[in-house]
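**Q** Okay, here's the structure, questions in a sec.
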Amino acid sequence: MARAIERIEQDIAALQEAIRAIAIELQSAYASYLNTLGLAVRKQLILASYHLCTQGYPENFLHLSLNQRQQLQQATRKLGQLAAEQLLIYLKSEESEEDEVDEVDEGDEVDEEVTSSSSSLFLDTSNSQYLTANTSDPTELAKWQQKLEEVMQEILKKLSHDANILLQKARVLPKKLPEPILAAAAAASEASAEVMPGPPNLLNLVIEIENEQQSEDSGLTQIMAINLRLGEIEFADVTLSSERKRIRSILVKLNKLGREYQKRHKEKAIAEAEAAWRASWFED
């Protein structure tokens, strides 16, 4: 016979308290992780841009004037800063303020194109309340954690896209870069958790480009583009890697409590069903 319903409810209440404590610990761990990630993303974005400009397309970069190079570098730093802010905005479920984006001086046509692309980094945070977890329910807390991970990946993907557009408008990255192919290649690389060979956070593509005048005359072209990947960013930062391990450890505890929580709820349902059966049973 099932245990008394009151005792089972006491066990569930105790588990809920433990889950609330886990929720606080998990949110604290993510707050620290996202602060560190914001700094790491800014650093890796600059390193990837440096490698692309100096080793991927050095001739194109050298064609820029000193002012154009400075404008590109400043706009790149702003993109990294905006991404760091977005990470914290989603954790706090706050709405972003888009008015602080574009403060770069516009000295010439290239600069105007470069600075105008930074405003597109902001994602829509108007519906970010879905990140508010029910901290006494392990299932809801797990969904909150998973959604936060998805948001992090989306921010990195959006940042990579905007950085590539920035480099295209600055005439460093070739205009012929086909965005659908780049998006497909980036999605394929995201499916792998391993650190990619070659320079980190860069995507190397070999694509076939048809001649506009003679469609039968085509050739293979190698294209390099920015592709920020969470695994590579963590691999390059010891502190960030350590904080990821802390998050994994907390999630192990959450999964254990979650299994026990579900077990107790099933036990309660059985006890209530048995009580209901007895309450409605009568002898003929």
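By convention here, the chains of the structure tokens are called A, B, ... in the order presented, each chain's residues are numbered starting at 1, and ligands are numbered starting at 1 in the order presented.
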Near Cys53 in chain A, counting only C-alpha atoms, which residues have an atom at most 7 Å away, once you skip same-chain residues fewer than 5 positions from it, shown as a list in words?

**A**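 Counting only C-alpha atoms, the residues come to Pro58, Phe61 and Val172 of chain A.
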
**Q** Could you give me, as a list in words, the residues within 7 Å of Ala271 in chain A, counting only C-alpha atoms and dropping anything in the same chain fewer than 4 positions from it?

**A**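 Listing them by chain and then by number gives Ala2, Arg3, Ile5, Glu267 and Ala275 of chain A.
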
**Q** With C-alpha atoms retained, export the selected residues as a compact mmCIF listing (two decimals), in the first residue's frame.

**A**
```txt
# COMPACT_ATOMS: atom_id res chain seq x y z
CA ALA A 2 1.21 3.48 -0.81
CA ARG A 3 2.56 5.70 1.94
CA ILE A 5 -0.26 11.25 1.18
CA GLU A 267 3.92 7.99 -5.79
CA ALA A 275 -7.63 6.55 -1.57
```

**Q** If we count only C-alpha atoms, what is near range 148-159 of chain A at a cut-off of 7 Å, once residues fewer than 4 positions away on the same chain are taken out, given as a list in words?

**A**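 Result of the neighbour search: Ala83, Leu87, Leu121, Trp144, Ala163 and Leu228 of chain A.
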